[in-house]
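Undergrad: The following block contains the structure, expressed as structure tokens.
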Amino acid sequence: MSEQSPAEDTPGEHADALPEYAERVLDAAERIPPGRVMTYGDVAEWLEEGGPRQVGRVMSLYGGAVPWWRVVRADGVLLPGHELRALDHYRAEGTPLKQAAKSAEGHLPRLDMRRARWDGGAGAEGHT
């Protein structure tokens, strides 16, 4: 019979604790300056761990307490179901947007990824 680690002995003891990876993703989201964005893949690359899907999963489960609108899809399309809330944040922060084509469904703008994307450079000290 195998030995159990102490963490396995008391599964409910740290039920409120975020997984370490989730904490790192949320910290990265908080570091993105107002008016700038990073893609899910950018965050994973910056952390040197996981991938876009893992970052997206963390943001969907725990991202409500951080500036979630700054972690985006690579194509600049606004997060489905949260478009109007995100758009309010982008406009308030001056995030570069591209006007939607008249033929685009809903006529919602997209993020101008060329201008809005942040590379994690200036002000990113202390990242891991």
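Ordered as shown in the structure tokens, chains take letters A, B, and onward, while each chain numbers its residues from 1 and ligands are numbered from 1 in the order shown.
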Would you list the contacts of A:Glu23 as a list in words, taking every protein, DNA or RNA residue within 12 Å and counting only C-alpha atoms, but skipping same-chain residues closer than 6 positions in sequence?
TA: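 Counting only the stated atoms, we get Ala17, Ala29, Glu30, Leu47, Val55, Val58, Met59, Leu61, Tyr62, Gly63, Ala65, Val66 and Thr128 of chain A.
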Undergrad: Got time to write the residues from that selection, all heavy atoms, as a short mmCIF file (atom, residue, chain, number, x, y, z; two decimals), in the first residue's frame?
TA:
data_model
loop_
_atom_site.label_atom_id
_atom_site.label_comp_id
_atom_site.auth_asym_id
_atom_site.auth_seq_id
_atom_site.Cartn_x
_atom_site.Cartn_y
_atom_site.Cartn_z
N ALA A 17 -7.52 27.87 -1.10
CA ALA A 17 -6.25 28.26 -1.72
C ALA A 17 -6.33 28.07 -3.23
O ALA A 17 -6.84 27.08 -3.73
CB ALA A 17 -5.11 27.43 -1.14
N ALA A 29 -2.14 39.03 -15.13
CA ALA A 29 -3.26 39.87 -15.58
C ALA A 29 -3.25 41.21 -14.87
O ALA A 29 -3.54 42.25 -15.48
CB ALA A 29 -4.58 39.14 -15.36
N GLU A 30 -2.92 41.22 -13.59
CA GLU A 30 -2.90 42.47 -12.83
C GLU A 30 -1.76 43.39 -13.26
O GLU A 30 -1.84 44.59 -13.06
CB GLU A 30 -2.78 42.16 -11.34
CG GLU A 30 -4.06 41.60 -10.77
CD GLU A 30 -3.97 41.31 -9.29
OE1 GLU A 30 -2.89 40.87 -8.82
OE2 GLU A 30 -4.98 41.51 -8.60
N LEU A 47 4.79 33.43 -18.65
CA LEU A 47 4.98 32.62 -17.45
C LEU A 47 5.90 31.42 -17.69
O LEU A 47 6.33 30.78 -16.73
CB LEU A 47 3.63 32.10 -16.94
CG LEU A 47 2.65 33.15 -16.45
CD1 LEU A 47 1.31 32.51 -16.11
CD2 LEU A 47 3.21 33.89 -15.24
N VAL A 55 -4.48 29.09 -19.55
CA VAL A 55 -4.68 30.48 -19.10
C VAL A 55 -6.16 30.84 -19.19
O VAL A 55 -6.72 31.43 -18.26
CB VAL A 55 -3.81 31.46 -19.92
CG1 VAL A 55 -4.17 32.91 -19.60
CG2 VAL A 55 -2.34 31.21 -19.65
N VAL A 58 -8.05 29.29 -16.27
CA VAL A 58 -7.82 30.04 -15.02
C VAL A 58 -8.64 31.33 -15.02
O VAL A 58 -9.31 31.65 -14.04
CB VAL A 58 -6.32 30.36 -14.83
CG1 VAL A 58 -6.11 31.38 -13.72
CG2 VAL A 58 -5.53 29.09 -14.54
N MET A 59 -8.62 32.04 -16.15
CA MET A 59 -9.36 33.30 -16.21
C MET A 59 -10.85 33.07 -16.08
O MET A 59 -11.55 33.85 -15.42
CB MET A 59 -9.03 34.05 -17.51
CG MET A 59 -7.60 34.55 -17.60
SD MET A 59 -7.09 35.64 -16.24
CE MET A 59 -8.17 37.05 -16.54
N LEU A 61 -12.34 30.67 -14.42
CA LEU A 61 -12.67 30.24 -13.05
C LEU A 61 -12.39 31.30 -12.00
O LEU A 61 -13.15 31.44 -11.04
CB LEU A 61 -11.88 28.97 -12.70
CG LEU A 61 -12.26 27.70 -13.45
CD1 LEU A 61 -11.29 26.58 -13.09
CD2 LEU A 61 -13.69 27.30 -13.13
N TYR A 62 -11.29 32.04 -12.15
CA TYR A 62 -10.83 32.92 -11.07
C TYR A 62 -10.62 34.37 -11.48
O TYR A 62 -10.27 35.21 -10.65
CB TYR A 62 -9.48 32.41 -10.52
CG TYR A 62 -9.46 30.96 -10.14
CD1 TYR A 62 -8.73 30.04 -10.89
CD2 TYR A 62 -10.17 30.50 -9.04
CE1 TYR A 62 -8.69 28.69 -10.54
CE2 TYR A 62 -10.15 29.15 -8.68
CZ TYR A 62 -9.41 28.26 -9.44
OH TYR A 62 -9.38 26.93 -9.10
N GLY A 63 -10.81 34.71 -12.75
CA GLY A 63 -10.43 36.02 -13.26
C GLY A 63 -11.29 37.20 -12.88
O GLY A 63 -10.93 38.33 -13.16
N ALA A 65 -11.72 38.79 -10.22
CA ALA A 65 -11.15 39.73 -9.25
C ALA A 65 -9.98 40.53 -9.82
O ALA A 65 -9.41 41.36 -9.13
CB ALA A 65 -10.70 38.98 -8.00
N VAL A 66 -9.62 40.27 -11.08
CA VAL A 66 -8.51 40.99 -11.72
C VAL A 66 -9.05 41.63 -13.00
O VAL A 66 -10.18 41.37 -13.41
CB VAL A 66 -7.35 40.02 -12.05
CG1 VAL A 66 -6.79 39.40 -10.77
CG2 VAL A 66 -7.75 38.95 -13.05
N THR A 128 7.98 35.76 -13.25
CA THR A 128 8.74 34.50 -13.19
C THR A 128 8.61 33.74 -14.47
O THR A 128 7.72 33.92 -15.23
CB THR A 128 8.20 33.63 -12.04
OG1 THR A 128 6.79 33.46 -12.20
CG2 THR A 128 8.50 34.23 -10.70
#
Undergrad: Tell me which protein, DNA and RNA residues are within 10 Å of A:Val77, counting only C-alpha atoms, leaving out same-chain ones fewer than 3 positions away, and put them as a ChimeraX atom specification.
TA: /A:72-74,80,83,108-113
Undergrad: Kindly export the residues of the current selection with N, CA and C atoms, as a compact mmCIF listing (two decimals), in the first residue's frame.
TA:
# COMPACT_ATOMS: atom_id res chain seq x y z
N VAL A 72 -6.93 38.49 -23.56
CA VAL A 72 -7.85 38.43 -24.69
C VAL A 72 -7.49 37.35 -25.70
N ARG A 73 -8.40 37.18 -26.64
CA ARG A 73 -8.17 36.29 -27.78
C ARG A 73 -7.17 36.93 -28.73
N ALA A 74 -6.40 36.13 -29.41
CA ALA A 74 -5.36 36.63 -30.31
C ALA A 74 -5.94 37.37 -31.52
N PRO A 80 -16.91 36.61 -25.95
CA PRO A 80 -18.35 36.35 -26.12
C PRO A 80 -19.09 36.29 -24.79
N GLU A 83 -18.99 41.12 -24.06
CA GLU A 83 -18.55 42.15 -25.00
C GLU A 83 -18.80 43.56 -24.49
N LEU A 108 -19.83 45.21 -33.40
CA LEU A 108 -18.93 45.49 -32.28
C LEU A 108 -17.51 45.65 -32.77
N PRO A 109 -16.79 46.61 -32.22
CA PRO A 109 -15.39 46.75 -32.62
C PRO A 109 -14.55 45.57 -32.13
N ARG A 110 -13.36 45.48 -32.66
CA ARG A 110 -12.36 44.51 -32.20
C ARG A 110 -11.22 45.30 -31.58
N LEU A 111 -10.43 44.61 -30.83
CA LEU A 111 -9.21 45.22 -30.32
C LEU A 111 -8.23 45.41 -31.47
N ASP A 112 -7.53 46.51 -31.48
CA ASP A 112 -6.46 46.72 -32.45
C ASP A 112 -5.21 46.08 -31.83
N MET A 113 -5.02 44.81 -32.13
CA MET A 113 -3.96 44.05 -31.47
C MET A 113 -2.58 44.60 -31.76
Undergrad: A:Gln99, A:Thr39, A:Gln54, A:Ser60: which is nearest A:Trp118, counting only C-alpha atoms?
TA: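 Nearest candidate to A:Trp118 out of A:Gln99, A:Thr39, A:Gln54, A:Ser60: A:Thr39.
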Undergrad: Closest to A:Trp69 among A:Glu49, A:Asp27, A:Glu20, A:Glu93, using only C-alpha atoms?
TA: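 Of the candidates, the smallest distance to A:Trp69 is held by A:Glu93.
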Undergrad: Contacts of A:Pro52 at 9 Å or less, counting only C-alpha atoms, minus same-chain residues fewer than 2 places along, as a ChimeraX atom specification?
TA: /A:39-45,50,54-57
Undergrad: Select from stretch 69-120 of chain A everything DSSP, run on the backbone, classes as alpha helix (DSSP H), then give the selection as a ChimeraX atom specification.
TA: /A:83-93,113-116
Undergrad: Please, could you write that set of residues out with C-alpha atoms as a PDB file, in the first residue's frame?
TA:
ATOM      1  CA  GLU A  83     -18.549  42.148 -24.996  1.00  0.00           C
ATOM      2  CA  LEU A  84     -20.346  45.209 -23.657  1.00  0.00           C
ATOM      3  CA  ARG A  85     -18.727  45.091 -20.207  1.00  0.00           C
ATOM      4  CA  ALA A  86     -15.299  44.671 -21.791  1.00  0.00           C
ATOM      5  CA  LEU A  87     -15.997  47.454 -24.284  1.00  0.00           C
ATOM      6  CA  ASP A  88     -16.832  49.829 -21.426  1.00  0.00           C
ATOM      7  CA  HIS A  89     -13.461  49.030 -19.818  1.00  0.00           C
ATOM      8  CA  TYR A  90     -11.575  49.420 -23.116  1.00  0.00           C
ATOM      9  CA  ARG A  91     -13.148  52.791 -23.797  1.00  0.00           C
ATOM     10  CA  ALA A  92     -12.508  54.015 -20.248  1.00  0.00           C
ATOM     11  CA  GLU A  93      -8.846  52.936 -20.455  1.00  0.00           C
ATOM     12  CA  MET A 113      -3.965  44.046 -31.474  1.00  0.00           C
ATOM     13  CA  ARG A 114      -1.053  45.690 -33.259  1.00  0.00           C
ATOM     14  CA  ARG A 115      -1.380  48.782 -31.059  1.00  0.00           C
ATOM     15  CA  ALA A 116      -2.924  47.351 -27.866  1.00  0.00           C
TER      16      ALA A 116
END
Undergrad: Tell me which of A:Ala100, A:Leu79, A:Leu18, A:Leu26 sits closest to A:Pro67, counting only C-alpha atoms.
TA: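 Using only C-alpha atoms, the shortest distance to A:Pro67 belongs to A:Leu26.
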Undergrad: Can you work out which one of A:Arg70, A:Lys102, A:Arg53, A:His82 has the shortest atom-to-atom distance to A:Val37, counting only C-alpha atoms?
TA: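 Ranking A:Arg70, A:Lys102, A:Arg53, A:His82 by distance to A:Val37, first place goes to A:Arg70.
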Undergrad: So what do you get for atom CA of A:Arg117 versus atom CA of A:Arg36, distance-wise?
TA: 5.7 Å
Undergrad: Have a look at atom CA of A:Tyr21 and atom CA of A:Pro33 and let me know their distance in Å, one decimal.
TA: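 Atom CA of A:Tyr21 sits 20.9 Å away from atom CA of A:Pro33.
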Undergrad: Pick out the closest residue to A:Trp46 from this set: A:Val25, A:Ala101, A:Gly64, A:Asp75. Count only C-alpha atoms.
TA: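 The closest residue to A:Trp46 is A:Val25.
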